[in-house]
Amino acid sequence: MVFIMNPYNHNKIEKKWQKYWESKKLNKAKENNKKKKFYSLIEFPYPSGKGLHVGHIRSNTAMDIISRKRRREGYEVLFPIGWDAFGLPTENYAIKIGIQPAIVTKKNTDTFRKQLKSLGFSFDWSREINTTDPKYYKWTQWIFLQLLKKGLAYKKKMTINWCPKDMIGLANEEIVDGCCERCGTKVEKREKEQWMLAITKYAERLDKDLDNTDFLEKIKIQQRNWIGKSEGAEIDFPVKCFDKKIKVFTTRPDTIFGVTYIVLSPEHYLVNELISKISNKLEVEKYIKNTKNKNEIERTDAKSEKTGIELKGVKAINPANKEEIPIWIADYVLANYGTGAVMAVPAHDERDKQFALKYTLPIKEIDLANKEEMISKYGKPITKFKLRDWIFSRQRYWGEPIPVVHCEKCGIVPLNEKDLPLKLPKVKNYQPTETGESPLATISKWVNTKCPKCKGKAKRETDTMPNWAGSSWYYLRYIDTKNKKAFADSKKLKYWTPVDWYNGGMEHTTLHLLYSRFWHKFLFDEGLVPTNEPYKKRTSHGMILTEEGEKMSKSKGNIINPDEIVKNLGADTLRIHEMFIGPFDQAIAWNSDTIAGSRRFLEKVWKLQEKIGKDSNENIEILIRKTIKKVTEDIEGMRFNTAISSMMILVNEFEKQSEIDKIDYEILLKLLAPFAPHITEEIWLILGNKKSIHLSSWPKYDESKLVESVFKIMIQINGKVRGQIESNADISDQELEKTAINKPEIKKWIEGKTIKKMIIIKGKLINIVV
RNA sequence: GCCAAGGUGGCGUAAUCGGUAGCCGCACAGCACUCAAAAUGCUGCGAGAGCAAUCUCAUGGGAGUUCGAGUCUCCCCCUUGGCACCA
């Protein structure tokens, strides 16, 4: 029989199998108590107008590989997908072209869905969610009401960071170098009433519970730095002849005997009280005024020279040695950290020293005292955090409405839960306003309503939630997407939580990842979810940069669109390429030349069909076992590049053979299937298999049969390789020494020299020292 | 300044319980096939010396530990990411 092989037609194959898998519902997850579950999660994409980015494909393919492997290891796998669709870019685009954001979102998600499907990801599409769907954000609003009920959501007049371009208030986490994270515009300060979430109440647990997670170490470190836990003491310094105390926070109570002055922040509440008692009132008032005129960046720049002014005529008393010390104010002391006052120890603190030298304040060398003793004598232990409460209001249209009203009589009143969702009204104009009011404020028909409590006149809250709201709990909704009675059924939650493996970007470490851990812990405290932490394991991918090594960004227009590659070379080639291009956790520059190698690899795999015969030998068998081991372990360690490399080695070896065993070929296909699901499925069918390759079990290997019976043993002279011996595993040390010395290429190196010693590493090498 | 990860051929990288540095891929060169090209296949490919066998040098720089260092220790330089007057 003559075997006629068709050419590798990726377009035909990929479309065919994508259709087939969908019709067979191969990736549908269900609660199956007979099976162990595995919940794998990618960060759901923001459906931008530019379509899918090659970076999405990198992280999605990685989790797709892991999900596919788990299914074949016998797990019930939940690998869902949805859309994080609220947010500014869509709103800005909608304003620009005059179309409703909801319509823009629909169009964008349609594009994304089509693109994702073209790549063959094994998502359970029946669980698709969208944060802008009222059936979804009903529950985002519901969780907000629970937070409000527990006093964790509150409104506060405060100075906020205002982006004048986006006309929106920003959370601390959304500011980079004093500029808007999104558009790079310099952030301004504004006084405004804001909704806040008390994430600081969870600071301790958000820090401590990291111990019990399997997050990458760098992710833990970054979260810990952001939370900024600092253990120290609060110590009261009495003010002389004045019935007041200055409370300072210090991490070094052991240096208390070296304190030579106190520094208050210019905003400190005691400054106002002390100002009438001082002799240089005018100068101090001038200094405070100057401070107010400085912007945040000038104020907090560590490099700028420190300035300050003494409050002349008042003194504080060091509680440890009763010394009278001067009181200063300086703008490098932050009002909103610690107590807004510091004790200065110039001999033991570089910053205090600089300040003391500049203003010729005394520097006192001391012996360090016992920390615990000093705390118990002069203060009390206390833990401070850098983390601030989360600013939760946004003054824009395209977000979840905050479900409360402002009643003339009752104040802030939450909506009744049965009245949720509070839908976003359709507006003619979603242009943000310079006044800082949400566009919703202009719809008087929507704004004016009745108080749910007293039925009197009330106005709706017009701020909306930030885009981080919907993403703070979406992994819970995936578990039970259609539930109308609860955000998810408790039995289903029990089966699926926590997320077993969550991969995402490092840029979300202090934003989304922290926020969602906070919400989850709150829901846990409310008895609404069964686990303390949402995610068991968190890993991160490196970014894909442009060929020039720049960030790909919409504004620069240097984004690589994957559609062309899928069309011309195939989804399997693109998937292989993105996994092979370099270490998964490392940022990497896109290179359009090297993709040819991935395509060639798949072509080679395809052509191996011609070689099927019966021939197999021991070396091939060992190589196959090694490949199984390597691919199996590398997937777990996200070393996809070396996994592919090892499969390439196997394919190259197959090519050298005149015939290959069908069983051996099938093992290669099984290993490759998570990486290149279409081509492997097609060949699998051609080889006569009836059931999908993705339902086959993951290959196993016999650990004891990994080594060849004949070893190559290196011969070194003084650590340099000079020859080698082929031997079997049983060779004795004496025999080995004799053989090595008698080898002619070795002899010439040791002639006329004395052998000092010989080092033998069993099965590996012999080193002769002369 | 602090924290983290890195620095290996022309390029992306591989090898880190210390044991043949450069696997795999890209690019490049030669050959085969072809009227020709592409594709494909074969061969070569760190630098230097040599007809060759082979030798010397080489993993950011310097020192050290060791029979033996890309890998461990110390110092320094550089790149990337994060934090940054946090008391």
# chains A, B, ... in the order shown; residues from 1 in each chain; ligands from 1
call {"tool": "residues_around", "arguments": {"residues": "A:Asn742", "least_positions_apart": "5", "cutoff": "12 Å", "atoms": "only C-alpha atoms (C1' of nucleotides)", "output": "number ranges by chain"}}
result
A: 715, 723-725, 735-737, 747-751
call {"tool": "interface_residues", "arguments": {"of": "chain A", "to": "chain B", "cutoff": "6 Å", "atoms": "only C-alpha atoms (C1' of nucleotides)", "output": "PyMOL selection string"}}
result
chain A and resi 250+302+332+342+594+645+719+769
call {"tool": "write_last_selection", "arguments": {"atoms": "N, CA and C atoms", "output": "mmCIF file, in the first residue's frame"}}
result
data_model
loop_
_atom_site.group_PDB
_atom_site.id
_atom_site.type_symbol
_atom_site.label_atom_id
_atom_site.label_comp_id
_atom_site.auth_asym_id
_atom_site.auth_seq_id
_atom_site.Cartn_x
_atom_site.Cartn_y
_atom_site.Cartn_z
ATOM 1 N N THR A 250 8.380 55.416 66.028
ATOM 2 C CA THR A 250 9.756 55.066 65.686
ATOM 3 C C THR A 250 9.938 53.561 65.605
ATOM 4 N N ALA A 302 12.905 62.548 47.282
ATOM 5 C CA ALA A 302 13.936 62.220 48.273
ATOM 6 C C ALA A 302 15.242 62.947 47.995
ATOM 7 N N TYR A 332 9.577 67.328 55.015
ATOM 8 C CA TYR A 332 9.892 65.935 54.666
ATOM 9 C C TYR A 332 9.194 64.956 55.592
ATOM 10 N N VAL A 342 8.252 62.900 64.155
ATOM 11 C CA VAL A 342 9.365 61.966 64.344
ATOM 12 C C VAL A 342 10.331 62.476 65.410
ATOM 13 N N THR A 594 12.272 34.630 13.540
ATOM 14 C CA THR A 594 12.481 33.308 14.120
ATOM 15 C C THR A 594 11.245 32.426 14.110
ATOM 16 N N SER A 645 12.142 22.650 23.091
ATOM 17 C CA SER A 645 13.478 22.278 22.650
ATOM 18 C C SER A 645 13.681 20.763 22.741
ATOM 19 N N GLY A 719 41.699 18.887 35.880
ATOM 20 C CA GLY A 719 40.424 19.552 35.651
ATOM 21 C C GLY A 719 40.132 19.880 34.201
ATOM 22 N N VAL A 769 45.192 14.320 38.912
ATOM 23 C CA VAL A 769 45.951 15.508 39.314
ATOM 24 C C VAL A 769 47.435 15.190 39.254
#
call {"tool": "residues_around", "arguments": {"residues": "B:U71", "least_positions_apart": "5", "cutoff": "10 Å", "atoms": "only C-alpha atoms (C1' of nucleotides)", "output": "list in words"}}
result
A15, U16 and G18 of chain B
call {"tool": "write_last_selection", "arguments": {"atoms": "N, CA, C and O atoms (P, O5', C5', C4', C3', O3' and C1' of nucleotides)", "output": "PDB file, in the first residue's frame"}}
result
ATOM      1  P     A B  15      18.545  25.341  31.194  1.00  0.00           P
ATOM      2  O5'   A B  15      19.986  24.678  31.354  1.00  0.00           O
ATOM      3  C5'   A B  15      20.145  23.282  31.139  1.00  0.00           C
ATOM      4  C4'   A B  15      21.600  22.933  31.183  1.00  0.00           C
ATOM      5  C3'   A B  15      22.288  23.178  32.525  1.00  0.00           C
ATOM      6  O3'   A B  15      22.152  22.036  33.337  1.00  0.00           O
ATOM      7  C1'   A B  15      23.613  24.039  30.741  1.00  0.00           C
ATOM      8  P     U B  16      21.306  22.118  34.654  1.00  0.00           P
ATOM      9  O5'   U B  16      22.206  23.005  35.587  1.00  0.00           O
ATOM     10  C5'   U B  16      21.816  23.143  36.942  1.00  0.00           C
ATOM     11  C4'   U B  16      22.857  23.928  37.644  1.00  0.00           C
ATOM     12  C3'   U B  16      22.483  24.339  39.061  1.00  0.00           C
ATOM     13  O3'   U B  16      22.870  23.332  39.979  1.00  0.00           O
ATOM     14  C1'   U B  16      23.310  26.219  37.872  1.00  0.00           C
ATOM     15  P     G B  18      26.904  21.948  43.842  1.00  0.00           P
ATOM     16  O5'   G B  18      26.731  21.980  42.249  1.00  0.00           O
ATOM     17  C5'   G B  18      26.958  23.153  41.515  1.00  0.00           C
ATOM     18  C4'   G B  18      28.105  22.926  40.545  1.00  0.00           C
ATOM     19  C3'   G B  18      28.365  21.446  40.317  1.00  0.00           C
ATOM     20  O3'   G B  18      28.007  20.941  39.039  1.00  0.00           O
ATOM     21  C1'   G B  18      30.360  22.646  40.992  1.00  0.00           C
TER      22        G B  18
END
call {"tool": "residues_around", "arguments": {"residues": "B:C28", "least_positions_apart": "5", "cutoff": "12 Å", "atoms": "only C-alpha atoms (C1' of nucleotides)", "output": "ChimeraX atom specification"}}
result
/B:10-11,44-45
call {"tool": "select_by_dssp", "arguments": {"residues": "stretch 46-223 of chain A", "states": "helix (DSSP H, G or I)", "output": "MDAnalysis selection string"}}
result
chainID A and resid 54:72 88:97 101:118 125:127 134:149 172:174 199:212 217:223
call {"tool": "residues_around", "arguments": {"residues": "B:G41", "least_positions_apart": "3", "cutoff": "12 Å", "atoms": "only C-alpha atoms (C1' of nucleotides)", "output": "VMD selection string"}}
result
(chain A and resid 655 to 656) or (chain B and resid 31 to 33)
call {"tool": "atom_distance", "arguments": {"atom1": "atom CA of A:Cys179", "atom2": "atom CA of A:Gln354"}}
result
29.2 Å
call {"tool": "decode", "arguments": {"residues": "stretch 63-99 of chain A", "atoms": "N, CA and C atoms", "output": "mmCIF file, in the first residue's frame"}}
result
data_model
loop_
_atom_site.group_PDB
_atom_site.id
_atom_site.type_symbol
_atom_site.label_atom_id
_atom_site.label_comp_id
_atom_site.auth_asym_id
_atom_site.auth_seq_id
_atom_site.Cartn_x
_atom_site.Cartn_y
_atom_site.Cartn_z
ATOM 1 N N MET A 63 -1.361 29.015 30.165
ATOM 2 C CA MET A 63 -2.365 28.406 31.029
ATOM 3 C C MET A 63 -3.185 27.371 30.264
ATOM 4 N N ASP A 64 -3.281 27.545 28.957
ATOM 5 C CA ASP A 64 -3.978 26.549 28.147
ATOM 6 C C ASP A 64 -3.204 25.229 28.172
ATOM 7 N N ILE A 65 -1.887 25.324 28.056
ATOM 8 C CA ILE A 65 -1.045 24.126 28.101
ATOM 9 C C ILE A 65 -1.227 23.413 29.438
ATOM 10 N N ILE A 66 -1.185 24.200 30.503
ATOM 11 C CA ILE A 66 -1.318 23.618 31.836
ATOM 12 C C ILE A 66 -2.713 23.001 32.025
ATOM 13 N N SER A 67 -3.738 23.702 31.554
ATOM 14 C CA SER A 67 -5.104 23.177 31.689
ATOM 15 C C SER A 67 -5.282 21.877 30.907
ATOM 16 N N ARG A 68 -4.761 21.860 29.695
ATOM 17 C CA ARG A 68 -4.888 20.662 28.867
ATOM 18 C C ARG A 68 -4.150 19.472 29.490
ATOM 19 N N LYS A 69 -2.993 19.770 30.071
ATOM 20 C CA LYS A 69 -2.241 18.691 30.719
ATOM 21 C C LYS A 69 -3.025 18.151 31.919
ATOM 22 N N ARG A 70 -3.592 19.063 32.727
ATOM 23 C CA ARG A 70 -4.345 18.631 33.898
ATOM 24 C C ARG A 70 -5.540 17.755 33.540
ATOM 25 N N ARG A 71 -6.259 18.133 32.490
ATOM 26 C CA ARG A 71 -7.408 17.322 32.083
ATOM 27 C C ARG A 71 -6.953 15.903 31.805
ATOM 28 N N ARG A 72 -5.817 15.800 31.151
ATOM 29 C CA ARG A 72 -5.336 14.464 30.750
ATOM 30 C C ARG A 72 -4.667 13.731 31.908
ATOM 31 N N GLU A 73 -4.440 14.458 32.995
ATOM 32 C CA GLU A 73 -3.959 13.793 34.208
ATOM 33 C C GLU A 73 -5.127 13.380 35.105
ATOM 34 N N GLY A 74 -6.344 13.592 34.600
ATOM 35 C CA GLY A 74 -7.514 13.105 35.320
ATOM 36 C C GLY A 74 -8.231 14.135 36.169
ATOM 37 N N TYR A 75 -7.899 15.384 36.025
ATOM 38 C CA TYR A 75 -8.567 16.421 36.817
ATOM 39 C C TYR A 75 -9.802 16.941 36.091
ATOM 40 N N GLU A 76 -10.768 17.407 36.877
ATOM 41 C CA GLU A 76 -11.871 18.178 36.326
ATOM 42 C C GLU A 76 -11.379 19.622 36.301
ATOM 43 N N VAL A 77 -11.291 20.199 35.110
ATOM 44 C CA VAL A 77 -10.619 21.490 34.970
ATOM 45 C C VAL A 77 -11.605 22.607 34.638
ATOM 46 N N LEU A 78 -11.506 23.685 35.391
ATOM 47 C CA LEU A 78 -12.247 24.898 35.064
ATOM 48 C C LEU A 78 -11.262 25.919 34.519
ATOM 49 N N PHE A 79 -11.425 26.262 33.261
ATOM 50 C CA PHE A 79 -10.535 27.229 32.607
ATOM 51 C C PHE A 79 -11.422 28.223 31.862
ATOM 52 N N PRO A 80 -11.866 29.268 32.570
ATOM 53 C CA PRO A 80 -12.894 30.150 32.027
ATOM 54 C C PRO A 80 -12.341 31.420 31.373
ATOM 55 N N ILE A 81 -13.242 32.140 30.761
ATOM 56 C CA ILE A 81 -12.859 33.384 30.066
ATOM 57 C C ILE A 81 -14.003 34.397 30.169
ATOM 58 N N GLY A 82 -13.661 35.646 30.171
ATOM 59 C CA GLY A 82 -14.674 36.699 30.217
ATOM 60 C C GLY A 82 -14.047 38.039 29.882
ATOM 61 N N TRP A 83 -14.790 39.091 30.156
ATOM 62 C CA TRP A 83 -14.364 40.430 29.736
ATOM 63 C C TRP A 83 -14.416 41.430 30.871
ATOM 64 N N ASP A 84 -13.313 42.084 31.060
ATOM 65 C CA ASP A 84 -13.221 43.144 32.066
ATOM 66 C C ASP A 84 -13.482 44.447 31.313
ATOM 67 N N ALA A 85 -14.741 44.776 31.080
ATOM 68 C CA ALA A 85 -15.045 45.699 29.988
ATOM 69 C C ALA A 85 -15.361 47.139 30.388
ATOM 70 N N PHE A 86 -15.535 47.394 31.690
ATOM 71 C CA PHE A 86 -15.697 48.790 32.088
ATOM 72 C C PHE A 86 -14.344 49.489 32.015
ATOM 73 N N GLY A 87 -14.370 50.794 31.784
ATOM 74 C CA GLY A 87 -13.095 51.506 31.848
ATOM 75 C C GLY A 87 -12.979 52.630 30.855
ATOM 76 N N LEU A 88 -11.942 53.391 31.084
ATOM 77 C CA LEU A 88 -11.769 54.639 30.356
ATOM 78 C C LEU A 88 -11.532 54.535 28.852
ATOM 79 N N PRO A 89 -10.643 53.660 28.371
ATOM 80 C CA PRO A 89 -10.373 53.684 26.926
ATOM 81 C C PRO A 89 -11.639 53.532 26.095
ATOM 82 N N THR A 90 -12.522 52.625 26.516
ATOM 83 C CA THR A 90 -13.768 52.439 25.777
ATOM 84 C C THR A 90 -14.613 53.707 25.832
ATOM 85 N N GLU A 91 -14.684 54.297 27.012
ATOM 86 C CA GLU A 91 -15.486 55.501 27.180
ATOM 87 C C GLU A 91 -14.925 56.646 26.327
ATOM 88 N N ASN A 92 -13.626 56.816 26.361
ATOM 89 C CA ASN A 92 -13.010 57.885 25.569
ATOM 90 C C ASN A 92 -13.233 57.673 24.076
ATOM 91 N N TYR A 93 -13.118 56.427 23.660
ATOM 92 C CA TYR A 93 -13.339 56.101 22.257
ATOM 93 C C TYR A 93 -14.789 56.371 21.871
ATOM 94 N N ALA A 94 -15.690 55.993 22.777
ATOM 95 C CA ALA A 94 -17.111 56.200 22.521
ATOM 96 C C ALA A 94 -17.428 57.684 22.368
ATOM 97 N N ILE A 95 -16.790 58.501 23.217
ATOM 98 C CA ILE A 95 -16.989 59.949 23.144
ATOM 99 C C ILE A 95 -16.494 60.468 21.799
ATOM 100 N N LYS A 96 -15.311 59.965 21.416
ATOM 101 C CA LYS A 96 -14.673 60.440 20.193
ATOM 102 C C LYS A 96 -15.538 60.167 18.963
ATOM 103 N N ILE A 97 -16.082 58.963 18.872
ATOM 104 C CA ILE A 97 -16.835 58.646 17.659
ATOM 105 C C ILE A 97 -18.344 58.734 17.855
ATOM 106 N N GLY A 98 -18.772 59.090 19.073
ATOM 107 C CA GLY A 98 -20.198 59.313 19.296
ATOM 108 C C GLY A 98 -21.067 58.072 19.302
ATOM 109 N N ILE A 99 -20.520 56.990 19.821
ATOM 110 C CA ILE A 99 -21.320 55.760 19.936
ATOM 111 C C ILE A 99 -21.368 55.359 21.404
#
